[in-house]
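**Student:** Quick one, work-v5.cif (mmCIF, C-alpha atoms):
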```cif
data_my_file
#
loop_
_atom_site.label_atom_id
_atom_site.label_comp_id
_atom_site.auth_asym_id
_atom_site.auth_seq_id
_atom_site.Cartn_x
_atom_site.Cartn_y
_atom_site.Cartn_z
CA MET A 52 -128.59 204.30 10.89
CA LYS A 53 -125.17 203.28 9.78
CA THR A 54 -125.55 199.71 11.07
CA LYS A 55 -128.38 198.79 8.67
CA PRO A 56 -126.13 198.43 5.57
CA LYS A 57 -123.69 196.30 7.59
CA LEU A 58 -126.52 194.03 8.76
CA THR A 59 -127.80 193.70 5.19
CA VAL A 60 -124.36 192.70 3.94
CA LEU A 61 -123.98 190.24 6.83
CA ALA A 62 -127.40 188.72 6.13
CA ALA A 63 -126.51 188.34 2.44
CA LEU A 64 -123.24 186.57 3.30
CA VAL A 65 -125.00 184.20 5.71
CA SER A 66 -127.60 183.42 3.03
CA LEU A 67 -124.86 182.57 0.53
CA ALA A 68 -123.07 180.37 3.06
CA VAL A 69 -126.28 178.43 3.73
CA ALA A 70 -127.21 178.16 0.04
CA PHE A 71 -123.74 177.02 -1.13
CA PRO A 72 -122.12 175.10 1.75
CA LEU A 73 -119.88 172.97 -0.47
CA ALA A 74 -118.63 175.68 -2.78
CA ALA A 75 -115.62 176.63 -0.67
CA GLY A 76 -114.73 173.29 0.84
CA GLY A 77 -115.31 170.82 -1.97
CA ALA A 78 -117.15 167.55 -1.85
CA LYS A 79 -117.24 165.09 1.04
CA PRO A 80 -114.27 162.65 1.00
CA GLN A 81 -115.11 159.20 -0.36
CA ALA A 82 -113.43 155.79 -0.08
CA ILE A 83 -110.70 154.93 -2.60
CA SER A 84 -108.39 151.98 -3.19
CA LEU A 85 -105.42 152.15 -5.56
CA THR A 86 -103.38 149.06 -6.46
CA PHE A 87 -99.90 149.45 -7.98
CA THR A 88 -97.96 146.63 -9.67
CA MET A 89 -94.42 147.79 -10.37
CA HIS A 90 -90.83 146.65 -10.97
CA PHE A 91 -87.63 148.36 -9.88
CA THR A 92 -85.85 150.12 -12.74
CA SER A 93 -82.97 151.23 -10.48
CA ALA A 94 -82.24 151.33 -6.76
CA THR A 95 -84.47 154.42 -6.38
CA THR A 96 -87.01 154.17 -9.23
CA ALA A 97 -89.79 151.83 -10.33
CA THR A 98 -92.41 151.79 -13.08
CA GLY A 99 -95.58 149.84 -13.66
CA THR A 100 -99.35 149.97 -13.81
CA TRP A 101 -102.20 150.88 -11.49
CA THR A 102 -105.91 150.22 -11.06
CA SER A 103 -108.49 151.75 -8.76
CA THR A 104 -111.84 151.10 -7.16
CA GLY A 105 -113.96 153.00 -4.71
CA ASP A 106 -116.78 155.45 -4.25
CA LEU A 107 -115.07 158.49 -5.81
CA THR A 108 -116.35 158.59 -9.40
CA VAL A 109 -113.25 160.22 -10.91
CA LEU A 110 -111.08 157.29 -9.75
CA ASN A 111 -113.49 154.34 -9.82
CA GLY A 112 -112.47 151.77 -12.43
CA LYS A 113 -109.52 153.79 -13.70
CA SER A 114 -106.11 152.45 -14.66
CA GLY A 115 -102.87 153.54 -16.29
CA THR A 116 -99.15 153.81 -15.70
CA VAL A 117 -97.06 154.91 -12.74
CA VAL A 118 -93.49 156.12 -12.23
CA GLN A 119 -92.13 156.05 -8.69
CA THR A 120 -89.03 157.62 -7.14
CA THR A 121 -87.90 156.81 -3.59
CA LYS A 122 -85.34 157.70 -0.99
CA ILE A 123 -84.52 155.56 2.04
CA THR A 124 -83.42 157.32 5.21
CA GLY A 125 -81.94 156.03 8.45
CA LYS A 126 -83.88 155.13 11.51
CA GLY A 127 -87.46 156.25 11.88
CA LYS A 128 -89.25 156.83 15.13
CA GLY A 129 -92.64 155.44 16.01
CA LYS A 130 -94.24 155.74 19.45
CA GLY A 131 -90.86 156.63 20.92
CA ASN A 132 -89.07 153.56 19.50
CA LYS A 133 -86.68 153.27 16.59
CA THR A 134 -88.57 151.55 13.78
CA GLY A 135 -85.88 150.91 11.17
CA GLN A 136 -85.43 152.45 7.75
CA VAL A 137 -88.02 154.82 6.34
CA VAL A 138 -88.98 154.99 2.66
CA HIS A 139 -89.99 158.42 1.31
CA GLY A 140 -91.40 158.51 -2.19
CA ARG A 141 -93.35 160.14 -4.95
CA LYS A 142 -95.55 158.54 -7.58
CA VAL A 143 -96.62 160.22 -10.82
CA VAL A 144 -99.81 158.42 -11.78
CA THR A 145 -101.07 158.70 -15.37
CA ALA A 146 -104.39 157.72 -16.95
CA SER A 147 -105.95 158.55 -20.31
CA ASP A 148 -107.77 161.53 -18.77
CA GLY A 149 -104.99 163.16 -16.70
CA THR A 150 -102.30 162.72 -14.06
CA PHE A 151 -101.92 163.12 -10.32
CA VAL A 152 -99.09 162.93 -7.81
CA ILE A 153 -98.90 160.88 -4.62
CA GLN A 154 -96.36 161.49 -1.86
CA PHE A 155 -95.82 158.67 0.62
CA ASN A 156 -93.63 157.43 3.46
CA GLY A 157 -93.50 154.35 5.59
CA GLY A 158 -91.39 152.03 7.64
CA LEU A 159 -89.39 149.39 5.76
CA LYS A 160 -89.42 146.00 7.49
CA PRO A 161 -87.68 142.83 6.24
CA THR A 162 -90.04 139.82 6.02
CA GLY A 163 -87.64 137.27 4.51
CA ALA A 164 -84.22 136.85 2.90
CA THR A 165 -85.24 138.83 -0.22
CA THR A 166 -88.60 140.29 0.80
CA SER A 167 -89.75 143.35 2.74
CA GLU A 168 -92.90 145.30 3.42
CA VAL A 169 -93.66 148.97 3.80
CA ASN A 170 -96.51 150.27 5.92
CA GLY A 171 -97.20 153.98 6.08
CA ARG A 172 -99.24 156.92 4.84
CA PHE A 173 -99.89 158.72 1.55
CA VAL A 174 -101.18 162.11 0.41
CA LEU A 175 -102.75 162.82 -2.99
CA LYS A 176 -101.26 166.01 -4.38
CA LYS A 177 -101.75 168.08 -7.51
CA GLY A 178 -103.56 166.73 -10.55
CA THR A 179 -104.26 167.60 -14.16
CA GLY A 180 -107.19 166.92 -16.46
CA ALA A 181 -109.95 164.95 -14.71
CA TYR A 182 -107.79 164.91 -11.55
CA LYS A 183 -107.48 168.67 -11.16
CA GLY A 184 -108.41 169.46 -7.55
CA LEU A 185 -107.97 165.84 -6.38
CA HIS A 186 -107.00 165.65 -2.71
CA GLY A 187 -106.91 162.81 -0.23
CA ASN A 188 -104.87 160.63 2.08
CA GLY A 189 -104.73 157.23 3.66
CA LYS A 190 -102.65 154.17 4.45
CA ILE A 191 -100.26 152.12 2.34
CA HIS A 192 -99.17 148.52 2.45
CA ALA A 193 -96.52 147.39 -0.02
CA THR A 194 -94.56 144.20 -0.53
CA LEU A 195 -91.12 144.21 -2.14
CA ASP A 196 -89.15 141.30 -3.58
CA SER A 197 -85.53 142.20 -4.26
CA SER A 198 -84.83 138.92 -6.10
CA SER A 199 -87.48 139.58 -8.79
CA GLY A 200 -87.67 143.38 -8.49
CA ALA A 201 -91.44 143.20 -7.96
CA ILE A 202 -93.40 145.73 -5.92
CA THR A 203 -97.09 145.42 -5.12
CA ALA A 204 -98.70 148.28 -3.20
CA VAL A 205 -102.25 148.92 -2.04
CA TYR A 206 -103.26 152.44 -1.01
CA THR A 207 -106.59 152.79 0.83
CA GLY A 208 -108.08 156.00 2.10
CA LYS A 209 -110.43 158.84 1.30
CA ALA A 210 -110.35 161.50 -1.39
CA HIS A 211 -112.41 164.27 -2.96
CA VAL A 212 -112.22 166.63 -5.87
CA GLN A 213 -112.13 170.26 -4.80
CA ASN A 214 -114.30 172.57 -6.89
CA LYS A 215 -112.55 173.59 -10.07
CA THR A 216 -114.01 177.09 -10.24
#
```
Go ahead and render the structure in this file as structure tokens.
**Tutor:**
Amino acid sequence: MKTKPKLTVLAALVSLAVAFPLAAGGAKPQAISLTFTMHFTSATTATGTWTSTGDLTVLNGKSGTVVQTTKITGKGKGKGNKTGQVVHGRKVVTASDGTFVIQFNGGLKPTGATTSEVNGRFVLKKGTGAYKGLHGNGKIHATLDSSSGAITAVYTGKAHVQNKT
């Protein structure tokens, strides 16, 4: 009866999977909204502050500082059409209880003589402290004013904290 030990091991694994369904995958993604208020410090960098709201406890009501670096590339492509310039960037977001990184990209569209907007997507990357295991993604909408150097960006999406074990 060599199959009995295999069945026992299989039954034990199934029992563990049923008892701990979230252990491997982390928690269910929850709604987040991050608002960034920044100013250009050079043609490719900006600094400022951020605030957040949403259902994810680790981010709800948090605030701090942000440093952003960007690169603008040539023509993008959306639904088979050229969409204009594309902004690729990275934000290092800091709060009193840790840091996390956001990577983003989006199409840059002029809206006036000195104003533009960026619409695109973001991904939450690695974190430290309270943000260790933070993952998520969503949409961005940013407004830029080259005459004042002001940038306002709103990131909305879903995120979760993967188990830290």
**Student:** Here's the selection I'm unsure about, the PyMOL selection byres ((chain A and resi 171) around 8); applied to the file above, which residues does it give, as a VMD selection string?
**Tutor:** chain A and resid 155 to 158 169 to 170 172 to 173 190 to 192
**Student:** Around (-85.9, 150.1, -13.6) in the file's frame, which residues reach within 12 Å when counting all atoms listed in the file? Return as a ChimeraX atom specification?
**Tutor:** /A:89-99,118-120,199-202
**Student:** Given the choices A:Ala78, A:Val138, A:Leu159, A:Val174, which gets closest to Thr108 (chain A) if the distance is worked out from all atoms listed in the file?
**Tutor:**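 So, comparing all the options, the nearest one is A:Ala78.
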**Student:** From the list A:Gly135, A:Gly140, A:Thr166, A:Gly125, which residue is nearest Asp196 (chain A) when using all atoms listed in the file?
**Tutor:**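 Comparing A:Gly135, A:Gly140, A:Thr166, A:Gly125 against Asp196 (chain A), the winner is A:Thr166.
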**Student:** Starting from the shown file, work through the PyMOL selection byres ((chain A and resi 109) around 9) and note down what comes out as a CSV table (one decimal) with C-alpha atoms, keeping the file's coordinate frame.
**Tutor:**
```csv
chain,number,residue,atom,x,y,z
A,106,ASP,CA,-116.8,155.4,-4.2
A,107,LEU,CA,-115.1,158.5,-5.8
A,108,THR,CA,-116.4,158.6,-9.4
A,110,LEU,CA,-111.1,157.3,-9.8
A,111,ASN,CA,-113.5,154.3,-9.8
A,112,GLY,CA,-112.5,151.8,-12.4
A,113,LYS,CA,-109.5,153.8,-13.7
A,181,ALA,CA,-110.0,165.0,-14.7
A,182,TYR,CA,-107.8,164.9,-11.6
A,185,LEU,CA,-108.0,165.8,-6.4
A,211,HIS,CA,-112.4,164.3,-3.0
A,212,VAL,CA,-112.2,166.6,-5.9
```
**Student:** Would you kindly translate the PyMOL selection byres ((chain A and resi 87) around 8) into the concrete residues it picks from this file, as a PyMOL selection string?
**Tutor:** chain A and resi 85-86+88-89+99-102+117+202-205
**Student:** Could you check the closest approach to Ala164 (chain A) for each of A:Ser197, A:Arg141, A:Ala146, A:Lys177 and tell me which residue wins, using all atoms listed in the file?
**Tutor:**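 Checking each of A:Ser197, A:Arg141, A:Ala146, A:Lys177 against Ala164 (chain A), counting all atoms listed in the file, the winner is A:Ser197.
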**Student:** Taking all atoms listed in the file into account, name the residue in A:Gly180, A:Gly189, A:Pro161, A:Gly105 that is nearest to Gln81 (chain A).
**Tutor:**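 Between A:Gly180, A:Gly189, A:Pro161, A:Gly105, the residue approaching Gln81 (chain A) most closely is A:Gly105.
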**Student:** Suppose you want the space between CA of Gly178 (chain A) and CA of Val137 (chain A); what is it in Å?
**Tutor:** 25.9 Å
**Student:** Report the distance between CA of Thr104 (chain A) and CA of Phe151 (chain A) in Å, rounded to one decimal place.
**Tutor:** 15.9 Å
